[in-house]
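Asks: Sharing a structure here in structure tokens format.
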Number of protein chains: 2
Amino acid sequence: MTLAYDVFDDRCPTRMVLDRLADKWALLVLDRLQGGPVRFNQLRRDIRGLSQKVLSQTLKRLERDGLIERSVRPTVPVSVDYALTPLGRTLTETVAAFAHWAERNMAAVLSAQAAYDAALTG
Amino acid sequence: MTLAYDVFDDRCPTRMVLDRLADKWALLVLDRLQGGPVRFNQLRRDIRGLSQKVLSQTLKRLERDGLIERSVRPTVPVSVDYALTPLGRTLTETVAAFAHWAERNMAAVLSAQAAYDAALTG
DNA sequence: CAGCATCCGCTCGGATACTG
DNA sequence: CAGTATCCGAGCGGATGCTG
């Protein structure tokens, strides 16, 4: 039988997963990997504002959760690239929709914020 | 003309929006509101582990961003319920897919974690 | 190039107490 | 019921320096 996983229950393991995914950096990494494998420093450059330490942590967690895969090519110096796993690929459509929702609806959000702030001031 | 919003640029305002949405509590609140208006303490009870302070902050931010709407009914004592706005409703499908991905893929994640940890130990 | 190690400020968020 | 106010500890994450 199937266990009744429930993300609204704080003792459910799905909460941990949600916690990992509901992270700005993890989302951007997953979205960036959608087009194919990307190397460490390339990710670091592409995702502006992401420090090397946090990128490292994020990649390690995503790899542990089975969403991405790390592969080392024995060049000199060594090349490491990260790619989505099949499991990770089941998430990318959702991630893309999510990450780019802001780009499509930025104007609406900005005007909502302006209206909200104006109501407080006036 | 349209500005080129880019969520990968840390100076782009979309980053702030992503930061707000990429939040465990915000996601759970939005998901919970999908079925219709819900009152404050009902949300607090439904979303286990969510403190009253953080719920309050989360609701205020979501309201400011125009995703949810607060309405007060003059009962005694007063009733306040929160509902999705049309803008918020454009997100709910994505939010639901996202929030419940963990429930559907929990087994795969758990086994990936076990494999990862075993590789380190062994 | 692809990281790890360390330090540390700052914010998130939990606990608690109080209000209309 | 639906919040606000305050305190405070834990940890996120940025900066810096070093390694194979």
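Chain labels follow the order of the structure tokens: the first chain is A, the next B, and so on; residue numbering restarts at 1 in every chain, and ligands are counted from 1 in their shown order.
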Taking a cut-off of 9 Å and counting only C-alpha atoms (C1' of nucleotides), can you build a table that, for each residue of chain C near chain D, reports the nearest atom pair and how far apart they are in Å (one decimal), sorted by chain then residue number, as a tab-separated table?
Replies:
```
residue	atom	partner	partner_atom	distance
C:DG3	C1'	D:DT19	C1'	8.5
C:DC4	C1'	D:DT19	C1'	7.9
C:DA5	C1'	D:DC18	C1'	8.2
C:DT6	C1'	D:DT16	C1'	8.9
C:DC7	C1'	D:DT16	C1'	8.9
C:DT11	C1'	D:DC12	C1'	8.3
C:DC12	C1'	D:DC12	C1'	8.6
C:DA15	C1'	D:DC7	C1'	9.0
C:DT16	C1'	D:DC7	C1'	8.8
C:DA17	C1'	D:DA5	C1'	8.7
C:DC18	C1'	D:DA5	C1'	8.0
C:DT19	C1'	D:DT4	C1'	7.6
```
Asks: I need the residues from that last selection saved to file as a PDB file, in the first residue's frame (with C-alpha atoms (C1' of nucleotides)), if you can.
Replies:
```
ATOM      1  C1'  DG C   3      36.460  22.967  -4.617  1.00  0.00           C
ATOM      2  C1'  DC C   4      37.304  22.992   1.242  1.00  0.00           C
ATOM      3  C1'  DA C   5      38.015  25.538   5.770  1.00  0.00           C
ATOM      4  C1'  DT C   6      37.256  29.282   8.735  1.00  0.00           C
ATOM      5  C1'  DC C   7      35.376  33.382  10.574  1.00  0.00           C
ATOM      6  C1'  DT C  11      18.480  37.744   9.663  1.00  0.00           C
ATOM      7  C1'  DC C  12      15.069  34.096  10.204  1.00  0.00           C
ATOM      8  C1'  DA C  15       8.831  31.174  22.423  1.00  0.00           C
ATOM      9  C1'  DT C  16       6.398  34.067  25.238  1.00  0.00           C
ATOM     10  C1'  DA C  17       3.414  37.711  26.765  1.00  0.00           C
ATOM     11  C1'  DC C  18      -0.030  41.066  25.742  1.00  0.00           C
ATOM     12  C1'  DT C  19      -4.185  43.717  23.027  1.00  0.00           C
TER      13       DT C  19
END
```
Asks: Using only C-alpha atoms, tabulate the residues of chain B lying at most 7 Å from any atom of chain A, each with its closest atom pair and that distance in Å to one decimal, by chain and increasing residue number, as a Markdown table.
Replies:
```
| residue | atom | partner | partner_atom | distance |
| --- | --- | --- | --- | --- |
| B:Tyr5 | CA | A:Glu103 | CA | 5.4 |
| B:Asp6 | CA | A:Glu103 | CA | 6.6 |
| B:Val7 | CA | A:Glu103 | CA | 6.9 |
| B:Phe8 | CA | A:Ile47 | CA | 5.1 |
| B:Asp9 | CA | A:Arg48 | CA | 5.4 |
| B:Asp10 | CA | A:Arg48 | CA | 5.2 |
| B:Thr14 | CA | A:Ala102 | CA | 5.3 |
| B:Val17 | CA | A:Ala102 | CA | 6.1 |
| B:Leu18 | CA | A:Lys24 | CA | 6.5 |
| B:Asp19 | CA | A:Lys24 | CA | 5.7 |
| B:Ala22 | CA | A:Ala22 | CA | 4.6 |
| B:Asp23 | CA | A:Ala22 | CA | 5.1 |
| B:Lys24 | CA | A:Ala22 | CA | 5.4 |
| B:Asp46 | CA | A:Phe8 | CA | 6.8 |
| B:Ile47 | CA | A:Phe8 | CA | 5.1 |
| B:Arg48 | CA | A:Asp10 | CA | 5.2 |
| B:Gly49 | CA | A:Asp10 | CA | 5.6 |
| B:Arg64 | CA | A:Gln113 | CA | 5.2 |
| B:Asp65 | CA | A:Val109 | CA | 5.2 |
| B:Gly66 | CA | A:Ala112 | CA | 5.0 |
| B:Thr94 | CA | A:Thr94 | CA | 6.1 |
| B:Ala97 | CA | A:Thr94 | CA | 6.7 |
| B:Phe98 | CA | A:Thr94 | CA | 6.3 |
| B:Ala99 | CA | A:Leu18 | CA | 6.6 |
| B:Ala102 | CA | A:Thr14 | CA | 5.3 |
| B:Glu103 | CA | A:Tyr5 | CA | 5.4 |
| B:Met106 | CA | A:Thr14 | CA | 6.5 |
| B:Val109 | CA | A:Asp65 | CA | 5.2 |
| B:Ala112 | CA | A:Gly66 | CA | 5.0 |
| B:Gln113 | CA | A:Arg64 | CA | 5.1 |
| B:Tyr116 | CA | A:Arg64 | CA | 5.6 |
```
Asks: Could you please determine the separation between atom CA of Val80 of chain A and atom CA of Leu43 of chain A in Å, to one decimal place?
Replies: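 Between atom CA of Val80 of chain A and atom CA of Leu43 of chain A the gap is 11.2 Å.
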Asks: Report, in Å with one decimal, the straight-line distance from atom CA of Val38 of chain B to atom CA of Pro77 of chain B.
Replies: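 Between atom CA of Val38 of chain B and atom CA of Pro77 of chain B the gap is 16.2 Å.
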Asks: Determine which residues of chain B receive a DSSP assignment of strand (DSSP E), computed from the backbone, and state them as a ChimeraX atom specification.
Replies: /B:38-39,68-73,79-84
Asks: Would you write out those residues with N, CA and C atoms, as a compact mmCIF listing (two decimals), in the first residue's frame?
Replies:
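Okay, part-v5.txt is ready:
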```
# COMPACT_ATOMS: atom_id res chain seq x y z
N VAL B 38 -9.69 31.08 3.60
CA VAL B 38 -9.41 30.40 4.86
C VAL B 38 -9.09 31.44 5.92
N ARG B 39 -9.55 31.17 7.13
CA ARG B 39 -9.31 32.13 8.22
C ARG B 39 -7.94 31.93 8.85
N ILE B 68 -2.51 37.49 -2.47
CA ILE B 68 -3.68 37.14 -1.66
C ILE B 68 -4.38 38.42 -1.20
N GLU B 69 -5.60 38.23 -0.73
CA GLU B 69 -6.44 39.34 -0.35
C GLU B 69 -6.98 39.10 1.05
N ARG B 70 -6.91 40.10 1.87
CA ARG B 70 -7.39 39.99 3.24
C ARG B 70 -8.76 40.64 3.34
N SER B 71 -9.73 39.93 3.90
CA SER B 71 -11.03 40.57 4.08
C SER B 71 -11.55 40.32 5.47
N VAL B 72 -12.08 41.37 6.07
CA VAL B 72 -12.56 41.34 7.45
C VAL B 72 -14.06 41.32 7.47
N ARG B 73 -14.63 40.33 8.18
CA ARG B 73 -16.07 40.32 8.36
C ARG B 73 -16.38 40.78 9.78
N SER B 79 -13.91 38.27 12.22
CA SER B 79 -13.40 37.18 11.39
C SER B 79 -12.59 37.76 10.23
N VAL B 80 -11.45 37.16 10.01
CA VAL B 80 -10.60 37.60 8.90
C VAL B 80 -10.32 36.41 8.02
N ASP B 81 -10.61 36.51 6.75
CA ASP B 81 -10.14 35.43 5.91
C ASP B 81 -9.31 35.90 4.74
N TYR B 82 -8.51 34.96 4.32
CA TYR B 82 -7.54 35.22 3.26
C TYR B 82 -7.92 34.39 2.04
N ALA B 83 -7.82 35.03 0.87
CA ALA B 83 -8.16 34.34 -0.37
C ALA B 83 -7.17 34.73 -1.45
N LEU B 84 -7.06 33.88 -2.44
CA LEU B 84 -6.20 34.18 -3.58
C LEU B 84 -6.81 35.28 -4.42
```
Asks: What residues in chain B lie within 9 Å of chain C, counting only C-alpha atoms (C1' of nucleotides), written as a list of chain:residue names?
Replies: B:Ser51, B:Lys53, B:Val54
Asks: What does the structure give for the distance between atom CA of Thr92 of chain A and atom CA of Pro37 of chain A, in Å to one decimal?
Replies: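 Taking atom CA of Thr92 of chain A and atom CA of Pro37 of chain A, their separation equals 13.7 Å.
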